>>> print(open('query35.txt').read())   # compact mmCIF, C-alpha atoms
# COMPACT_ATOMS: atom_id res chain seq x y z
CA MET I 887 -25.69 2.20 -16.79
CA TRP I 888 -25.36 3.34 -13.18
CA ARG I 889 -25.64 -0.27 -11.97
CA THR I 890 -22.62 -1.20 -14.09
CA VAL I 891 -20.59 1.71 -12.71
CA PHE I 892 -21.57 0.96 -9.12
CA ARG I 893 -20.71 -2.72 -9.56
CA GLN I 894 -17.27 -1.74 -10.87
CA TRP I 895 -16.71 0.45 -7.81
CA MET I 896 -17.56 -2.49 -5.57
CA GLN I 897 -15.19 -4.79 -7.46
CA ASP I 898 -12.34 -2.27 -7.27
CA THR I 899 -12.88 -1.71 -3.55
CA ALA I 900 -13.02 -5.45 -2.89
CA ALA I 901 -9.77 -5.88 -4.81
CA GLU I 902 -8.19 -3.21 -2.61
CA ALA I 903 -9.31 -5.13 0.47
CA VAL I 904 -7.73 -8.33 -0.82
CA GLN I 905 -4.50 -6.49 -1.59
CA GLU I 906 -4.41 -5.04 1.94
CA GLN I 907 -4.77 -8.53 3.40
CA PHE I 908 -2.27 -10.39 1.25
CA ALA I 909 0.34 -7.76 0.34
CA GLN I 910 1.94 -8.08 3.77
CA PRO I 911 5.18 -9.81 4.74
CA GLN I 912 4.91 -13.11 6.52
CA GLU I 913 7.94 -12.77 8.73
CA ASN I 914 8.25 -10.65 11.85
CA PRO I 915 9.14 -7.14 10.66
CA GLN I 916 11.69 -6.78 13.46
CA GLU I 917 13.65 -9.67 11.93
CA ARG I 918 13.98 -8.01 8.52
CA PRO I 919 17.49 -6.59 7.97
CA GLU I 920 17.87 -2.93 7.14
CA VAL I 921 17.93 -2.37 3.38
CA GLN I 922 19.63 0.67 1.86
CA VAL I 923 18.01 2.09 -1.26
CA THR I 924 19.07 4.66 -3.83
CA ALA I 925 15.71 6.47 -3.89
CA ALA I 926 12.63 6.65 -1.68
CA ILE I 927 9.41 7.56 -3.51
CA ILE I 928 6.78 9.17 -1.30
CA CYS I 929 3.13 9.15 -2.39
CA ALA I 930 0.08 10.09 -0.36
CA LEU I 931 -2.54 7.84 -1.94
CA ALA I 932 -2.63 4.33 -3.38
CA MET I 933 -4.01 5.73 -6.64
CA GLU I 934 -0.81 7.80 -6.92
CA SER I 935 1.62 5.00 -6.08
CA GLY I 936 -0.17 2.20 -7.96
CA GLY I 937 1.38 2.86 -11.36
CA VAL I 938 4.88 2.94 -9.90
CA GLU I 939 4.30 -0.19 -7.84
CA ASP I 940 3.08 -2.11 -10.88
CA ARG I 941 6.33 -1.32 -12.73
CA LEU I 942 8.79 -2.27 -9.98
CA ASP I 943 10.73 -5.52 -10.20
CA ASP I 944 11.54 -7.89 -7.32
CA LYS I 945 8.87 -6.37 -5.10
CA VAL I 946 8.72 -7.08 -1.37
CA TRP I 947 5.92 -5.61 0.75
CA VAL I 948 7.20 -4.46 4.12
CA ARG I 949 5.02 -4.03 7.17
CA ALA I 950 5.70 -0.54 8.48
CA ALA I 951 4.51 1.55 11.41
CA VAL I 952 3.99 4.53 9.08
CA GLY I 953 2.30 3.99 5.72
CA LYS I 954 2.74 1.09 3.30
CA VAL I 955 6.26 0.33 2.06
CA VAL I 956 7.24 -1.66 -1.03
CA LEU I 957 10.89 -2.44 -1.71
CA GLY I 958 11.86 -3.18 -5.29
CA ARG I 959 13.96 -2.18 -8.27
CA ALA I 960 13.43 0.36 -11.01
CA GLY I 961 15.74 -1.17 -13.58
CA GLN I 962 18.95 -1.62 -11.59
CA VAL I 963 18.11 1.06 -9.03
CA PRO I 964 16.87 -0.15 -5.61
CA VAL I 965 13.92 1.90 -4.35
CA ALA I 966 11.50 2.12 -1.46
CA LEU I 967 7.97 3.13 -2.47
CA VAL I 968 5.95 4.58 0.40
CA THR I 969 2.20 5.20 0.39
CA ALA I 970 1.95 7.55 3.36
CA GLY I 971 -1.74 8.44 3.49
CA PRO I 972 -3.17 11.90 2.75
CA GLY I 973 -2.09 15.06 4.49
CA ALA I 974 1.11 16.87 5.34
CA GLY I 975 1.54 15.16 8.71
CA SER I 976 1.36 11.67 7.24
CA ALA I 977 3.80 12.56 4.47
CA ALA I 978 6.31 14.07 6.87
CA ALA I 979 6.14 11.11 9.27
CA ALA I 980 6.53 8.60 6.44
CA THR I 981 9.51 10.51 5.03
CA GLU I 982 11.29 10.55 8.37
CA ALA I 983 10.63 6.84 8.87
CA VAL I 984 11.83 5.74 5.42
CA VAL I 985 14.98 7.88 5.66
CA ALA I 986 15.82 6.36 9.04
CA ALA I 987 15.15 2.79 7.88
CA HIS I 988 16.56 2.80 4.33
CA ARG I 989 18.99 5.77 4.05
CA PRO I 990 18.06 6.83 0.49
CA ARG I 991 20.34 9.12 -1.50
CA LEU I 992 17.27 10.91 -2.88
CA VAL I 993 13.65 11.34 -1.81
CA VAL I 994 11.13 11.81 -4.62
CA VAL I 995 7.67 13.19 -3.81
CA ALA I 996 5.26 11.89 -6.44
CA GLY I 997 1.56 12.53 -6.79
CA PHE I 998 -1.38 14.47 -8.14
CA ALA I 999 -1.80 18.25 -8.23
CA GLY I 1000 -4.33 20.80 -9.38
CA ALA I 1001 -3.43 23.42 -11.98
CA LEU I 1002 -3.29 27.09 -10.94
CA CYS I 1003 -2.70 28.37 -14.47
CA ALA I 1004 -4.24 27.67 -17.86
CA GLU I 1005 -0.97 26.42 -19.37
CA LEU I 1006 -1.01 23.29 -17.21
CA ARG I 1007 -3.60 20.84 -18.44
CA ARG I 1008 -4.72 17.45 -17.26
CA TYR I 1009 -1.93 14.83 -17.44
CA HIS I 1010 0.77 17.48 -17.80
CA ILE I 1011 3.81 17.07 -15.56
CA LEU I 1012 5.18 19.68 -13.17
CA LEU I 1013 8.77 19.38 -11.96
CA PRO I 1014 8.83 21.91 -9.11
CA ASN I 1015 11.98 23.97 -8.62
CA GLU I 1016 10.38 25.68 -5.62
CA VAL I 1017 7.70 24.68 -3.14
CA ALA I 1018 5.83 27.02 -0.80
CA ASP I 1019 3.14 26.76 1.84
CA ILE I 1020 0.24 29.13 2.43
CA THR I 1021 2.09 30.98 5.21
CA GLY I 1022 4.59 32.18 2.61
CA ARG I 1023 7.49 29.92 3.55
CA SER I 1024 9.40 28.66 0.53
CA LEU I 1025 12.09 26.09 -0.22
CA THR I 1026 14.16 25.66 -3.37
CA LEU I 1027 14.31 22.19 -4.94
CA PRO I 1028 17.16 20.87 -7.10
CA SER I 1029 16.59 20.65 -10.84
CA PHE I 1030 17.02 17.34 -12.66
CA VAL I 1031 16.06 18.75 -16.06
CA GLN I 1032 18.75 18.37 -18.69
CA GLY I 1033 19.05 21.12 -21.31
CA ASP I 1034 16.86 24.13 -22.02
CA GLN I 1035 14.13 22.40 -24.03
CA LEU I 1036 11.34 20.69 -22.10
CA PRO I 1037 9.24 17.93 -23.67
CA ALA I 1038 5.66 18.86 -24.55
CA GLY I 1039 3.46 18.78 -21.48
CA VAL I 1040 6.33 19.10 -18.98
CA HIS I 1041 6.70 22.28 -16.93
CA VAL I 1042 9.17 23.59 -14.36
CA GLY I 1043 8.07 26.10 -11.75
CA LYS I 1044 6.66 26.80 -8.30
CA LEU I 1045 4.34 24.41 -6.46
CA LEU I 1046 2.11 25.48 -3.58
CA SER I 1047 1.13 23.10 -0.77
CA ALA I 1048 -2.24 23.96 0.78
CA HIS I 1049 -3.89 22.63 3.94
CA GLU I 1050 -6.97 21.30 2.14
CA LEU I 1051 -8.12 20.30 -1.32
CA VAL I 1052 -8.78 23.28 -3.60
CA ARG I 1053 -11.92 22.45 -5.58
CA ASP I 1054 -13.11 25.82 -6.90
CA PRO I 1055 -11.64 27.67 -9.93
CA GLN I 1056 -11.97 31.05 -8.24
CA ALA I 1057 -10.02 29.80 -5.23
CA LYS I 1058 -7.35 28.47 -7.58
CA ARG I 1059 -7.01 31.85 -9.28
CA GLU I 1060 -6.72 33.63 -5.94
CA LEU I 1061 -3.93 31.27 -4.87
CA ALA I 1062 -2.15 31.76 -8.20
CA ASP I 1063 -2.28 35.54 -7.83
CA ARG I 1064 -1.14 35.44 -4.22
CA PHE I 1065 1.70 32.94 -4.53
CA ASP I 1066 2.63 32.99 -8.24
CA ALA I 1067 2.51 29.19 -8.29
CA LEU I 1068 1.74 26.88 -11.20
CA ALA I 1069 -0.04 24.12 -9.27
CA VAL I 1070 -1.27 23.15 -5.81
CA ASP I 1071 -1.07 19.95 -3.76
CA LEU I 1072 -1.21 19.01 -0.07
CA GLU I 1073 2.03 17.29 0.96
CA THR I 1074 5.13 18.38 -0.90
CA PHE I 1075 6.19 21.26 1.36
CA ALA I 1076 6.00 19.04 4.46
CA VAL I 1077 8.26 16.46 2.80
CA ALA I 1078 10.68 19.14 1.60
CA GLU I 1079 10.90 20.61 5.09
CA THR I 1080 11.57 17.15 6.56
CA CYS I 1081 14.24 16.39 3.98
CA ARG I 1082 15.98 19.70 4.63
CA ARG I 1083 16.06 18.94 8.36
CA LEU I 1084 17.44 15.46 7.68
CA ALA I 1085 19.91 16.76 5.06
CA VAL I 1086 18.57 14.44 2.35
CA PRO I 1087 18.25 15.70 -1.27
CA MET I 1088 14.67 15.82 -2.56
CA ALA I 1089 12.92 16.12 -5.91
CA ALA I 1090 9.22 16.25 -6.81
CA VAL I 1091 7.18 15.01 -9.75
CA LYS I 1092 3.53 16.03 -9.92
CA VAL I 1093 0.93 15.12 -12.53
CA ILE I 1094 -1.98 17.49 -13.12
CA THR I 1095 -5.38 15.87 -12.56
CA ASP I 1096 -7.67 18.91 -12.63
CA SER I 1097 -7.32 22.00 -14.81
CA LEU I 1098 -7.71 25.60 -13.68
CA ASP I 1099 -11.38 25.85 -14.66
CA GLU I 1100 -12.45 22.43 -13.43
CA VAL I 1101 -14.74 22.16 -10.40
CA LEU I 1102 -14.07 19.04 -8.35
CA PRO I 1103 -17.16 17.34 -6.87
CA PRO I 1104 -17.62 17.68 -3.10
CA GLU I 1105 -17.23 13.93 -2.50
CA VAL I 1106 -13.55 14.06 -3.48
CA ALA I 1107 -12.40 15.60 -0.21
CA TYR I 1108 -14.33 13.02 1.82
CA LEU I 1109 -13.07 10.03 -0.15
CA MET I 1110 -9.44 11.18 0.12
CA ARG I 1111 -9.44 10.94 3.91
CA PRO I 1112 -7.63 7.90 5.35
CA ARG I 1113 -10.12 5.07 5.90
CA LYS I 1114 -10.39 1.32 5.88
CA TRP I 1115 -11.73 -0.18 2.67
CA THR I 1116 -15.10 -0.86 4.30
CA GLU I 1117 -15.43 2.81 5.20
CA LYS I 1118 -14.45 3.82 1.67
CA MET I 1119 -17.20 1.59 0.30
CA GLY I 1120 -19.63 3.18 2.72
CA ALA I 1121 -18.52 6.62 1.56
CA VAL I 1122 -19.32 5.73 -2.05
CA VAL I 1123 -22.74 4.35 -1.09
CA GLY I 1124 -23.47 7.43 1.01
CA ALA I 1125 -22.42 9.79 -1.77
CA VAL I 1126 -24.68 8.05 -4.29
CA TRP I 1127 -27.58 8.02 -1.84
CA HIS I 1128 -27.39 11.76 -1.16
CA ARG I 1129 -26.49 12.83 -4.71
CA PRO I 1130 -27.15 10.22 -7.42
CA GLY I 1131 -25.22 12.28 -9.96
CA SER I 1132 -22.08 11.78 -7.88
CA LEU I 1133 -21.73 8.26 -9.30
CA LYS I 1134 -20.81 9.57 -12.74
CA ASP I 1135 -18.41 12.05 -11.13
CA LEU I 1136 -16.73 9.33 -9.06
CA TRP I 1137 -16.40 7.03 -12.05
CA ARG I 1138 -14.85 9.81 -14.13
CA LEU I 1139 -12.44 10.66 -11.31
CA GLN I 1140 -11.38 7.03 -11.07
CA GLU I 1141 -10.63 6.92 -14.80
CA VAL I 1142 -8.62 10.16 -14.55
CA ALA I 1143 -6.70 8.80 -11.55
CA LEU I 1144 -5.78 5.58 -13.35
CA ARG I 1145 -4.41 7.38 -16.39
CA ALA I 1146 -2.70 10.04 -14.27
CA GLY I 1147 -1.06 7.30 -12.20
CA ASP I 1148 0.41 5.77 -15.34
CA VAL I 1149 1.71 9.13 -16.61
CA LEU I 1150 3.19 9.85 -13.19
CA ALA I 1151 4.89 6.44 -13.02
CA GLU I 1152 6.63 6.94 -16.37
CA HIS I 1153 8.20 10.23 -15.29
CA VAL I 1154 9.05 9.15 -11.75
CA LEU I 1155 10.77 5.97 -12.88
CA ALA I 1156 12.65 7.82 -15.63
CA LEU I 1157 14.04 10.13 -12.95
CA VAL I 1158 14.91 7.28 -10.60
CA GLN I 1159 16.54 5.20 -13.32
CA SER I 1160 18.78 8.12 -14.22
CA LEU I 1161 20.43 7.67 -10.82
CA GLN I 1162 23.38 5.32 -10.42
CA PRO I 1163 22.78 2.49 -7.94
CA ASP I 1164 24.86 2.60 -4.81
CA SER I 1165 28.10 0.64 -4.95
CA PRO I 1166 28.02 -2.61 -2.97
>>> encode(input="query35.txt", output="structure tokens")
Amino acid sequence: MWRTVFRQWMQDTAAEAVQEQFAQPQENPQERPEVQVTAAIICALAMESGGVEDRLDDKVWVRAAVGKVVLGRAGQVPVALVTAGPGAGSAAAATEAVVAAHRPRLVVVAGFAGALCAELRRYHILLPNEVADITGRSLTLPSFVQGDQLPAGVHVGKLLSAHELVRDPQAKRELADRFDALAVDLETFAVAETCRRLAVPMAAVKVITDSLDEVLPPEVAYLMRPRKWTEKMGAVVGAVWHRPGSLKDLWRLQEVALRAGDVLAEHVLALVQSLQPDSP
């Protein structure tokens, strides 16, 4: 069974390499005219942005100095989808770049988060109305929720942005007690801070990928670091070599990420499509 799983990992990684090579514009990026969009969607990882990218119409891949940028339409709404790379610094830099280049009316931070309370379960959605960092700084986010009744599995509340992945349930509980937050991620506060400085409205949509009591395997933090596809393949091989049981963990995480990406895409695009396109 493990041979089948490992072969699938190799196929997926090879497909990613092909996409990196061919999903690039052919013309000189300096010759591309500036395109104004209604919304810019900021994701850290390709597994977070993939579901949204698949659903966009009229896609154009733009070579960018910061992250990967895809221009397209969500229904009639023009959007820029940015895959920034993991970490607060990457997210902030990508946000500043996309705002300067495409002048969006709204920035949407979209991605995965870990639950800090038992009420939030895997594949639930958090629409943060406040985001904080571990120093105690906090920013209020606008609400796009209509009415008092939330759909099942959708929550509104505080999101915490940490400096590193929180893998341990006890650490999650300590953060929940300290910050009174519902979930934790890595990038949202940095994007919110950048948007406040640039005077651009911002919203966030986060999908829960690990519950309060779930222990994430140690390989997750290593695989989330920015790397070329060859290095990612080497990371998988190294993980399996040192801990054969990690293969089942990595396969399960991939399945969770694929489903979470689809759930995330549905909610992000519903939010974006509720916006009116800019007048010509």
>>> residues_around(input="query35.txt", residues="Ala1067 (chain I)", least_positions_apart="5", cutoff="9 Å", atoms="only C-alpha atoms", output="count of residues only")
10
>>> residues_around(input="query35.txt", residues="Val965 (chain I)", least_positions_apart="4", cutoff="10 Å", atoms="only C-alpha atoms", output="ChimeraX atom specification")
/I:921-927,942-943,945,956-961,988,990,992-993,1155,1158-1159,1163
>>> closest_residue(input="query35.txt", among="I:Arg991, I:Ile928, I:Pro1028, I:Ala983", to="Thr969 (chain I)", atoms="only C-alpha atoms")
I:Ile928
>>> atom_distance(input="query35.txt", atom1="CA of Pro1037 (chain I)", atom2="CA of Asp1071 (chain I)")
22.5 Å
>>> atom_distance(input="query35.txt", atom1="CA of Ser1024 (chain I)", atom2="CA of Arg1059 (chain I)")
19.4 Å
>>> closest_residue(input="query35.txt", among="I:Glu1100, I:Ala978, I:Glu1016, I:Ala1090", to="Pro1055 (chain I)", atoms="all atoms listed in the file")
I:Glu1100
>>> atom_distance(input="query35.txt", atom1="CA of Val1070 (chain I)", atom2="CA of Ala999 (chain I)")
5.5 Å
>>> closest_residue(input="query35.txt", among="I:Ala980, I:Met933, I:Ala974, I:Ala1143", to="Ala951 (chain I)", atoms="all atoms listed in the file")
I:Ala980
>>> closest_residue(input="query35.txt", among="I:Val955, I:Val1091, I:Asp1096, I:Arg1008", to="Phe1030 (chain I)", atoms="all atoms listed in the file")
I:Val1091
>>> residues_near_point(input="query35.txt", point="(-9.2, 22.9, -17.3)", cutoff="12 Å", atoms="all atoms listed in the file", output="PyMOL selection string")
chain I and resi 1000-1010+1054-1055+1058+1094-1102
>>> closest_residue(input="query35.txt", among="I:Asp940, I:Glu1073, I:Glu1050, I:Asp1063", to="Phe998 (chain I)", atoms="all atoms listed in the file")
I:Glu1073
>>> closest_residue(input="query35.txt", among="I:Ala977, I:Leu1013, I:Val984, I:Leu1051", to="Val1154 (chain I)", atoms="only C-alpha atoms")
I:Leu1013
>>> residues_near_point(input="query35.txt", point="(6.2, 0.1, 8.7)", cutoff="12 Å", atoms="all atoms listed in the file", output="ChimeraX atom specification")
/I:910-911,914-916,918,947-957,966-970,979-984,986-988
>>> residues_around(input="query35.txt", residues="Gly997 (chain I)", least_positions_apart="3", cutoff="6 Å", atoms="all atoms listed in the file", output="ChimeraX atom specification")
/I:929,934,1092
